[in-house]
Each structure stands twice: as structure tokens, then as C-alpha cells.
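Text of the file data_26.txt, holding compact mmCIF, C-alpha atoms:
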```
# COMPACT_ATOMS: atom_id res chain seq x y z
CA MET A 36 87.54 -62.60 -30.17
CA ALA A 37 90.92 -60.89 -30.31
CA GLN A 38 93.86 -61.34 -32.68
CA MET A 39 96.83 -62.71 -30.75
CA THR A 40 100.23 -64.15 -31.46
CA MET A 41 101.17 -67.23 -29.49
CA ILE A 42 103.29 -64.98 -27.29
CA ALA A 43 100.30 -62.76 -26.53
CA ALA A 44 98.05 -65.78 -25.91
CA ILE A 45 100.51 -67.26 -23.41
CA GLN A 46 100.89 -63.91 -21.66
CA ASN A 47 97.11 -63.57 -21.51
CA ALA A 48 96.81 -67.04 -19.98
CA HIS A 49 99.33 -66.12 -17.26
CA ASP A 50 97.43 -62.90 -16.58
CA LEU A 51 94.03 -64.57 -16.28
CA ALA A 52 95.35 -67.38 -14.08
CA MET A 53 97.10 -64.97 -11.73
CA GLY A 54 94.02 -62.77 -11.57
CA ARG A 55 91.76 -65.70 -10.65
CA ASP A 56 94.02 -67.39 -8.11
CA GLU A 57 96.54 -65.64 -5.86
CA ASP A 58 98.36 -68.96 -5.37
CA VAL A 59 99.63 -68.81 -8.98
CA VAL A 60 103.20 -67.49 -9.08
CA VAL A 61 105.47 -67.04 -12.10
CA PHE A 62 109.26 -67.03 -12.06
CA GLY A 63 112.38 -67.90 -14.00
CA GLU A 64 115.34 -66.24 -15.68
CA ASP A 65 114.40 -62.71 -16.86
CA VAL A 66 110.64 -63.34 -16.61
CA GLY A 67 109.96 -60.53 -14.12
CA TYR A 68 111.23 -57.04 -14.83
CA PHE A 69 112.17 -57.80 -18.44
CA GLY A 70 109.06 -59.87 -19.19
CA GLY A 71 110.88 -62.91 -20.52
CA VAL A 72 113.34 -63.28 -23.36
CA PHE A 73 110.40 -63.95 -25.70
CA ARG A 74 108.10 -61.50 -23.82
CA CYS A 75 105.63 -64.17 -22.71
CA THR A 76 105.46 -62.71 -19.18
CA ALA A 77 105.54 -59.02 -20.11
CA GLY A 78 103.73 -56.75 -17.68
CA LEU A 79 102.99 -59.41 -15.06
CA GLN A 80 105.43 -58.12 -12.45
CA GLU A 81 104.15 -54.59 -12.84
CA LYS A 82 100.56 -55.78 -12.40
CA TYR A 83 100.95 -58.43 -9.68
CA GLY A 84 104.13 -57.40 -7.90
CA ALA A 85 107.58 -58.88 -7.49
CA GLU A 86 106.38 -61.48 -4.98
CA ARG A 87 104.22 -63.20 -7.60
CA CYS A 88 106.30 -62.64 -10.75
CA PHE A 89 110.02 -62.51 -10.17
CA ASP A 90 113.42 -63.18 -11.65
CA ALA A 91 115.46 -66.20 -10.61
CA PRO A 92 119.22 -66.84 -10.64
CA ILE A 93 120.68 -68.66 -13.62
CA SER A 94 120.12 -72.11 -12.14
CA GLU A 95 117.58 -74.37 -13.80
CA LEU A 96 117.98 -76.93 -11.03
CA GLY A 97 117.23 -74.23 -8.47
CA ILE A 98 114.28 -72.83 -10.41
CA VAL A 99 112.51 -76.17 -10.79
CA GLY A 100 113.51 -77.34 -7.31
CA ALA A 101 112.05 -74.21 -5.74
CA GLY A 102 108.90 -74.75 -7.80
CA VAL A 103 108.52 -78.27 -6.45
CA GLY A 104 108.77 -76.97 -2.89
CA MET A 105 106.24 -74.23 -3.56
CA ALA A 106 103.82 -76.71 -5.14
CA ALA A 107 104.13 -79.10 -2.18
CA TYR A 108 103.17 -76.23 0.14
CA GLY A 109 100.06 -75.36 -1.86
CA LEU A 110 101.17 -72.73 -4.35
CA LYS A 111 100.79 -73.14 -8.12
CA PRO A 112 104.13 -72.17 -9.64
CA VAL A 113 104.53 -71.59 -13.37
CA VAL A 114 108.26 -71.66 -14.00
CA GLU A 115 110.07 -70.87 -17.21
CA VAL A 116 113.21 -72.59 -18.42
CA GLN A 117 114.47 -70.08 -20.96
CA PHE A 118 115.17 -72.72 -23.64
CA ALA A 119 114.27 -76.41 -23.47
CA ASP A 120 117.93 -77.09 -24.22
CA TYR A 121 118.75 -75.71 -20.76
CA MET A 122 116.51 -78.09 -18.83
CA TYR A 123 119.07 -80.83 -18.33
CA PRO A 124 120.41 -79.55 -14.96
CA ALA A 125 116.78 -79.55 -13.77
CA TYR A 126 115.91 -82.99 -15.11
CA ASP A 127 116.54 -84.74 -11.81
CA GLN A 128 114.17 -82.36 -10.01
CA ILE A 129 111.52 -82.90 -12.70
CA VAL A 130 111.82 -86.70 -12.75
CA SER A 131 112.78 -87.62 -9.19
CA GLU A 132 110.77 -84.99 -7.32
CA ALA A 133 107.95 -83.37 -9.31
CA ALA A 134 106.81 -86.49 -11.14
CA ARG A 135 107.03 -88.76 -8.08
CA LEU A 136 105.63 -86.54 -5.35
CA ARG A 137 102.02 -87.78 -5.47
CA TYR A 138 103.06 -91.45 -5.61
CA ARG A 139 105.79 -91.37 -2.97
CA SER A 140 103.54 -89.51 -0.51
CA ALA A 141 100.58 -91.84 -1.12
CA GLY A 142 98.54 -88.87 -2.32
CA GLU A 143 99.27 -86.67 0.70
CA PHE A 144 101.13 -84.18 -1.51
CA THR A 145 100.69 -83.20 -5.13
CA CYS A 146 102.79 -81.04 -7.42
CA PRO A 147 100.57 -78.56 -9.29
CA MET A 148 103.44 -77.04 -11.23
CA VAL A 149 103.90 -76.04 -14.87
CA VAL A 150 107.36 -75.97 -16.44
CA ARG A 151 107.29 -73.83 -19.60
CA MET A 152 110.04 -74.23 -22.17
CA PRO A 153 110.49 -72.79 -25.67
CA ALA A 154 111.48 -75.74 -27.86
CA GLY A 155 112.22 -76.81 -31.41
CA GLY A 156 114.17 -75.45 -34.31
CA GLY A 157 113.70 -73.32 -37.37
CA ILE A 158 115.21 -70.17 -35.86
CA TRP A 159 118.88 -70.67 -36.79
CA GLY A 160 119.63 -71.39 -33.14
CA GLY A 161 122.10 -74.23 -33.59
CA GLN A 162 122.49 -77.24 -31.36
CA THR A 163 121.91 -75.53 -28.00
CA HIS A 164 118.79 -73.54 -28.90
CA SER A 165 116.85 -75.91 -31.16
CA GLN A 166 116.30 -79.22 -29.39
CA SER A 167 112.98 -81.04 -29.04
CA PRO A 168 113.30 -83.12 -25.86
CA GLU A 169 109.65 -84.17 -25.49
CA ALA A 170 110.44 -87.92 -25.48
CA LEU A 171 112.52 -87.44 -22.32
CA PHE A 172 109.34 -86.34 -20.52
CA THR A 173 106.76 -88.67 -22.07
CA HIS A 174 108.87 -91.57 -20.77
CA VAL A 175 108.38 -90.44 -17.17
CA SER A 176 105.31 -91.63 -15.29
CA GLY A 177 103.66 -88.79 -13.39
CA LEU A 178 104.28 -86.05 -15.97
CA LYS A 179 101.89 -84.60 -18.51
CA THR A 180 103.48 -83.25 -21.70
CA VAL A 181 101.83 -80.55 -23.82
CA ILE A 182 102.88 -78.96 -27.14
CA PRO A 183 100.49 -76.42 -28.73
CA SER A 184 100.57 -75.47 -32.40
CA ASN A 185 98.60 -72.21 -32.40
CA PRO A 186 97.53 -69.30 -30.16
CA GLN A 187 94.01 -70.60 -29.45
CA ASP A 188 95.33 -73.87 -28.09
CA ALA A 189 98.36 -72.33 -26.39
CA LYS A 190 96.12 -70.22 -24.18
CA GLY A 191 93.55 -72.90 -23.41
CA LEU A 192 96.12 -75.62 -22.80
CA LEU A 193 98.24 -73.41 -20.54
CA LEU A 194 95.22 -72.50 -18.43
CA ALA A 195 94.29 -76.18 -18.18
CA ALA A 196 97.88 -77.02 -17.25
CA ILE A 197 97.95 -74.40 -14.49
CA ALA A 198 94.66 -75.77 -13.11
CA ASP A 199 95.92 -79.37 -13.19
CA PRO A 200 96.90 -80.87 -9.82
CA ASP A 201 99.97 -82.61 -11.24
CA PRO A 202 103.15 -81.41 -12.97
CA VAL A 203 102.84 -80.42 -16.63
CA ILE A 204 105.70 -79.92 -19.08
CA PHE A 205 104.59 -77.19 -21.47
CA LEU A 206 106.77 -77.04 -24.58
CA GLU A 207 106.27 -74.00 -26.80
CA PRO A 208 107.48 -74.24 -30.43
CA LYS A 209 109.39 -70.99 -30.62
CA ARG A 210 109.18 -70.90 -34.42
CA LEU A 211 105.40 -70.47 -33.98
CA TYR A 212 105.52 -67.62 -31.47
CA ASN A 213 104.80 -64.91 -34.05
CA GLY A 214 103.15 -66.84 -36.85
CA PRO A 215 102.48 -70.27 -38.38
CA PHE A 216 105.39 -71.87 -40.22
CA ASP A 217 104.92 -74.33 -43.08
CA GLY A 218 108.60 -75.21 -43.47
CA HIS A 219 109.31 -72.88 -46.39
CA HIS A 220 112.05 -70.79 -44.79
CA ASP A 221 112.66 -68.86 -47.99
CA ARG A 222 109.18 -67.36 -48.11
CA PRO A 223 107.83 -64.30 -46.26
CA VAL A 224 106.72 -64.95 -42.68
CA GLN A 225 102.96 -65.27 -42.24
CA PRO A 226 101.63 -63.49 -39.13
CA TRP A 227 99.00 -65.00 -36.85
CA LYS A 228 96.66 -62.08 -37.59
CA THR A 229 96.01 -63.60 -41.03
CA HIS A 230 95.32 -67.10 -39.65
CA PRO A 231 91.96 -68.20 -38.18
CA LEU A 232 93.65 -69.82 -35.17
CA GLY A 233 95.13 -66.43 -34.33
CA GLU A 234 91.65 -65.39 -33.17
CA VAL A 235 91.59 -65.99 -29.42
CA ASP A 236 88.81 -65.56 -26.88
CA PRO A 237 90.10 -62.93 -24.43
CA ASP A 238 88.14 -64.51 -21.56
CA TYR A 239 89.10 -67.52 -19.46
CA TYR A 240 88.76 -70.94 -21.09
CA GLU A 241 90.51 -74.28 -20.83
CA THR A 242 91.39 -76.67 -23.63
CA PRO A 243 91.23 -80.16 -22.07
CA LEU A 244 94.50 -82.03 -21.77
CA GLY A 245 94.60 -85.38 -23.50
CA ARG A 246 92.39 -84.47 -26.44
CA ALA A 247 93.77 -84.22 -29.98
CA ALA A 248 92.42 -82.00 -32.75
CA ILE A 249 91.93 -82.75 -36.44
CA ALA A 250 93.86 -79.92 -38.07
CA ARG A 251 93.04 -81.05 -41.61
CA PRO A 252 90.40 -83.69 -42.45
CA GLY A 253 91.27 -86.27 -45.09
CA GLU A 254 90.60 -89.79 -46.33
CA GLU A 255 93.77 -91.11 -48.00
CA LEU A 256 96.29 -91.20 -45.17
CA THR A 257 96.77 -89.98 -41.60
CA VAL A 258 99.60 -87.77 -40.38
CA VAL A 259 100.03 -87.83 -36.60
CA THR A 260 102.06 -84.87 -35.42
CA TYR A 261 102.27 -81.85 -33.09
CA GLY A 262 103.77 -78.39 -32.73
CA THR A 263 105.39 -76.78 -35.77
CA MET A 264 105.04 -79.96 -37.80
CA VAL A 265 101.26 -79.55 -37.87
CA HIS A 266 101.68 -76.64 -40.28
CA VAL A 267 104.36 -78.47 -42.27
CA ALA A 268 102.07 -81.49 -42.63
CA ILE A 269 99.17 -79.38 -43.89
CA ALA A 270 101.38 -77.60 -46.42
CA SER A 271 102.90 -80.91 -47.54
CA ALA A 272 99.50 -82.49 -48.18
CA ASP A 273 98.26 -79.44 -50.07
CA GLU A 274 101.36 -79.23 -52.24
CA ALA A 275 101.49 -82.98 -52.93
CA GLY A 276 97.79 -83.07 -53.78
CA ILE A 277 97.09 -85.82 -51.25
CA ASP A 278 93.90 -85.98 -49.19
CA ALA A 279 95.71 -86.44 -45.88
CA GLU A 280 94.14 -86.11 -42.46
CA VAL A 281 96.45 -84.21 -40.09
CA ILE A 282 96.01 -84.90 -36.39
CA ASP A 283 97.42 -82.34 -33.97
CA LEU A 284 98.04 -84.29 -30.77
CA ARG A 285 98.34 -81.12 -28.63
CA THR A 286 98.95 -83.32 -25.57
CA LEU A 287 101.49 -86.12 -25.89
CA MET A 288 100.81 -87.49 -22.43
CA PRO A 289 98.02 -88.30 -21.80
CA LEU A 290 97.67 -89.41 -25.42
CA ASP A 291 94.37 -89.29 -27.27
CA THR A 292 94.63 -92.77 -28.76
CA GLU A 293 90.94 -92.87 -29.66
CA THR A 294 91.22 -90.03 -32.21
CA VAL A 295 94.46 -91.38 -33.66
CA MET A 296 93.28 -94.97 -34.06
CA ALA A 297 89.91 -94.00 -35.53
CA SER A 298 91.64 -91.95 -38.22
CA VAL A 299 94.22 -94.61 -39.11
CA GLN A 300 91.60 -97.36 -39.23
CA ARG A 301 89.65 -95.26 -41.71
CA THR A 302 92.53 -94.17 -43.98
CA GLY A 303 94.68 -97.31 -43.78
CA ARG A 304 97.95 -95.40 -44.06
CA CYS A 305 99.90 -93.41 -41.46
CA ILE A 306 102.89 -91.11 -41.16
CA VAL A 307 104.23 -90.06 -37.78
CA LEU A 308 106.00 -86.71 -38.04
CA HIS A 309 108.18 -84.75 -35.61
CA GLU A 310 111.34 -82.67 -35.72
CA ALA A 311 113.09 -84.40 -32.82
CA THR A 312 115.72 -87.01 -33.66
CA LEU A 313 114.39 -90.26 -35.12
CA THR A 314 115.84 -92.91 -32.82
CA SER A 315 113.82 -93.30 -29.60
CA GLY A 316 111.78 -90.21 -30.48
CA PHE A 317 108.14 -90.03 -29.41
CA GLY A 318 107.21 -91.09 -32.92
CA ALA A 319 108.53 -94.58 -32.16
CA GLU A 320 105.95 -94.96 -29.38
CA LEU A 321 103.20 -93.64 -31.64
CA ALA A 322 104.19 -96.02 -34.45
CA ALA A 323 104.27 -99.00 -32.08
CA GLN A 324 100.81 -98.27 -30.70
CA ILE A 325 99.32 -97.65 -34.14
CA GLN A 326 100.86 -100.83 -35.56
CA ALA A 327 99.46 -102.86 -32.65
CA GLU A 328 95.96 -101.36 -32.65
CA CYS A 329 95.45 -100.88 -36.41
CA PHE A 330 97.40 -103.79 -37.90
CA TYR A 331 94.51 -105.30 -39.85
CA HIS A 332 93.46 -101.90 -41.20
CA LEU A 333 96.87 -100.86 -42.53
CA GLU A 334 97.57 -100.92 -46.26
CA ALA A 335 101.29 -100.22 -45.66
CA PRO A 336 103.70 -100.04 -42.71
CA VAL A 337 103.59 -96.96 -40.50
CA GLU A 338 106.23 -94.47 -41.65
CA ARG A 339 108.22 -92.06 -39.48
CA ILE A 340 109.66 -88.71 -40.58
CA ALA A 341 111.90 -86.90 -38.13
CA GLY A 342 115.14 -85.04 -37.60
CA TRP A 343 118.35 -86.93 -38.23
CA ASP A 344 120.28 -88.65 -35.44
CA THR A 345 122.81 -85.84 -35.09
CA PRO A 346 123.15 -82.71 -32.97
CA TYR A 347 120.95 -79.98 -34.43
CA PRO A 348 123.12 -78.34 -37.12
CA HIS A 349 123.42 -74.62 -37.72
CA ALA A 350 124.73 -74.48 -41.27
CA GLN A 351 122.54 -77.38 -42.49
CA GLU A 352 119.39 -76.55 -40.55
CA TRP A 353 117.01 -76.96 -43.47
CA ALA A 354 118.44 -80.34 -44.37
CA TYR A 355 117.71 -81.43 -40.80
CA PHE A 356 114.32 -79.76 -40.37
CA PRO A 357 111.59 -82.00 -41.89
CA GLY A 358 110.20 -79.75 -44.63
CA PRO A 359 107.37 -80.02 -47.14
CA GLU A 360 109.57 -81.55 -49.82
CA ARG A 361 110.68 -84.47 -47.63
CA VAL A 362 107.23 -84.94 -46.10
CA GLY A 363 105.42 -84.67 -49.43
CA ARG A 364 107.76 -87.20 -51.04
CA LYS A 365 107.09 -89.69 -48.23
CA MET A 366 103.34 -89.14 -48.60
CA GLN A 367 103.51 -89.98 -52.29
CA GLN A 368 105.63 -93.08 -51.64
CA LEU A 369 103.20 -94.28 -49.00
CA MET A 370 100.24 -93.84 -51.35
CA GLU A 371 102.03 -96.02 -53.91
CA ALA A 372 102.91 -98.74 -51.39
```
What is this structure when it is put down as C-alpha cells?
Amino acid sequence: MAQMTMIAAIQNAHDLAMGRDEDVVVFGEDVGYFGGVFRCTAGLQEKYGAERCFDAPISELGIVGAGVGMAAYGLKPVVEVQFADYMYPAYDQIVSEAARLRYRSAGEFTCPMVVRMPAGGGIWGGQTHSQSPEALFTHVSGLKTVIPSNPQDAKGLLLAAIADPDPVIFLEPKRLYNGPFDGHHDRPVQPWKTHPLGEVDPDYYETPLGRAAIARPGEELTVVTYGTMVHVAIASADEAGIDAEVIDLRTLMPLDTETVMASVQRTGRCIVLHEATLTSGFGAELAAQIQAECFYHLEAPVERIAGWDTPYPHAQEWAYFPGPERVGRKMQQLMEA
């Protein structure tokens, strides 16, 4: 095992995939010579050449569109959109082309492409560098949507995504790149080298898509979450003194409903937690499914905790970001319901 940050784990996954399969190509804005704005592709151009890891013009539509064409011709492109907030010009290519290619060609063509995007807040990035647009992808048939919460999963899930024959949206919580984050912004940053999930197998392995993980076992209530909020949920339960089970979805689509429903049926209480805006967020879909499948097991209504329905604020970031105080308070209220 080796100690890795999430950045190093993602870079290692790129390296192993490119070494195993010459059809894997990596490109996007600044990913080649510079190694990516977050350094997730550092050293790949030097090792594999500028034909397999290269810089693209500042055109998200062009980057994703070129990736779709490459995938249709048999390559396996891994493209980076520098921030998830910048994906909107490419959304038509993702939805109308990548997601539909297998269906519209009756299986003659597939689109084995991964679109990587740093997402989420907690970095003082303001409204154009902090968005969590996962619900815009989970709504689209034909896409898989992945959000890791730690280096071990980031590497395994990315390798599984690259191997998948269909398009995968791979959202990387940028606040977790260099260490876990429990929502206490006023405390020293914890590095991944002090966390057990920072220990990563340096060899090739895949973490199956569509399978959740139990990040914290518990019996009193279930928290269903993903990404940065996994660490916030664990801290909230510990600080509130509540025996909460925290489920890290890892893959939003396909969704591991079996793990979620089994936990909620056992605990009888559920909180759905994410940092994206509340209205029409992915948590609404989770809450609807849980309410339908676990109705007779629930001791209280399913609760949602999320960002507010506003653009992501800069000056009031920590009022927007669901932190341990807000999550812990909702846990206590739910236990009293």
C-alpha cells in the first residue's frame, strides 16, 4: 500500500489505464504540459507523448464533442472539464450525443468516455467555482454518475469508469483533493496521510460502479450521502453522540438501492445530505425512493439537508455549506421525532 492524496490516486489511475490500453487518451484545458490545474494529470504527457495526453482549446463543447467522436471510433477518451461549473456549454454534447449514442445506433456504437470534473464548494471559490451539478446528470438516461469521497475509491472508481463501455460523469470533490474535510473550516487541515483511506494499492484495481459503502456503521438513524458530505456526516454523528450509519453512495447512477433500503429499514430514520441546492437536488430522488420502499419501517419522515436555493455565495460560504452544526442539530431533532 502507498499513501496517496486523492490527486495522486487519480493521477495513478490515469497512468495505469494508459499503460494497459493504448486506446486510452487524456485531454482537456491545461492537462498536458502543465499536468492539470489541480495536477491530476501531471507527468502523463511526458510519459505517453503529446498524442495521448494533450491540451485542448478553451472550449468545453469542443472538448466533449471531440471525445464523443473519439469514443465512437473506438478510443477511450478521458476528458477533463476544468471545473464542473464550466460544463454547461458541453451539456448538449453530453446529453444529446454521449448519453444517446448506444440507443440511437441500436447498439452499433457505444461511447466509452469519462468526463472528469472537479466539483463542490468549501474552497472559497464563489458561485462559478463551487457548484454541485450532479442532479443534471442523474436525470439523463444513458449516463453513469460517480462521486468518490476518498483516494482509495477515487482510484478504483476511475479505473472502473475508464473500463466501462458507456459514458461516465466523474465528479471530484475538490475540497477532498488533499485531505478529508469534516466541515470545520476553522480547524487545521487534515492530510490524507493520517487517514486510513489515504492508503492506496499502487497496482491496478477497480471499485465496481453501482455499489455503495458503509462509511460509518450505526443503529439509530441512516445518513445517505456522497462526496465531501460523507466526512461531514461522520463528524456530525460523532459530535452529536448519535449512533448514525453513514452510507457513502459513491455511484449515484446506477444507485445501490439495496444497501440504502436495508439500512433505513433497520434504523427507521433517514437523513439525505448533499451540498447541492435543495430544490430538485438528487436528494429529492433519494427521499422519494426511500419513502416509497421503507414507508412502514420509518419512525419519522425522511429529512433532507442541502445547500440553500441561491447561487453559491462567497462571503457567506459557511452559512451555505452544510456543516456539522446544522447536520448534528437535524440528527437530534429526528431522534426526538
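Shortest atom-to-atom contact with His164 in chain A among A:Phe118, A:Arg151, A:Pro200, A:His266: A:Phe118, counting all atoms listed in the file.
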Task: Surrounding residues of Ile277 in chain A excluding itself and chain neighbours under 3 positions, 9 Å, all atoms listed in the file, as number ranges by chain - done: A: 253, 255-256, 271-274, 363, 366-367, 370
Could you work out an axis-aligned box for range 194-207 of chain A, taking every atom the file lists and adding 8 Å on each side, and report centre and edge lengths in Å to one decimal, as lines of an AutoDock Vina configuration file?
```
center_x = 100.5
center_y = -77.6
center_z = -18.3
size_x = 28.5
size_y = 26.1
size_z = 33.0
```
Open item on the list: Here is a test: counting all atoms listed in the file, which residue of A:Glu57, A:Asp201, A:Glu338, A:Glu115 is nearest to Gly71 in chain A?
Closed with: A:Glu115
May I have a table of the residues of range 82-176 of chain A lying at most 10 Å from range 36-55 of chain A, giving each one's closest pair of atoms and their distance in Å to one decimal, counting all atoms listed in the file, ordered by chain and ascending residue number, as a Markdown table?
```
| residue | atom | partner | partner_atom | distance |
| --- | --- | --- | --- | --- |
| A:Lys82 | CA | A:Asp50 | CA | 8.8 |
| A:Tyr83 | CA | A:Met53 | CA | 7.9 |
| A:Arg87 | CA | A:Met53 | CA | 8.4 |
| A:Cys88 | CA | A:Met53 | CA | 9.5 |
| A:Lys111 | CA | A:Met53 | CA | 9.7 |
| A:Val113 | CA | A:His49 | CA | 8.5 |
```
Task: Pairwise distance for CA of Leu171 in chain A and CA of Val307 in chain A, rounded to one decimal in Å - done: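 For CA of Leu171 in chain A relative to CA of Val307 in chain A, the distance reads 17.7 Å.
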Open item on the list: Report, in Å to a single decimal, how far apart CA of Met264 in chain A and CA of Gly303 in chain A are.
Closed with: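 Going from CA of Gly303 in chain A over to CA of Met264 in chain A covers 21.1 Å.
The space between CA of Ile197 in chain A and CA of Val149 in chain A spans 6.2 Å.
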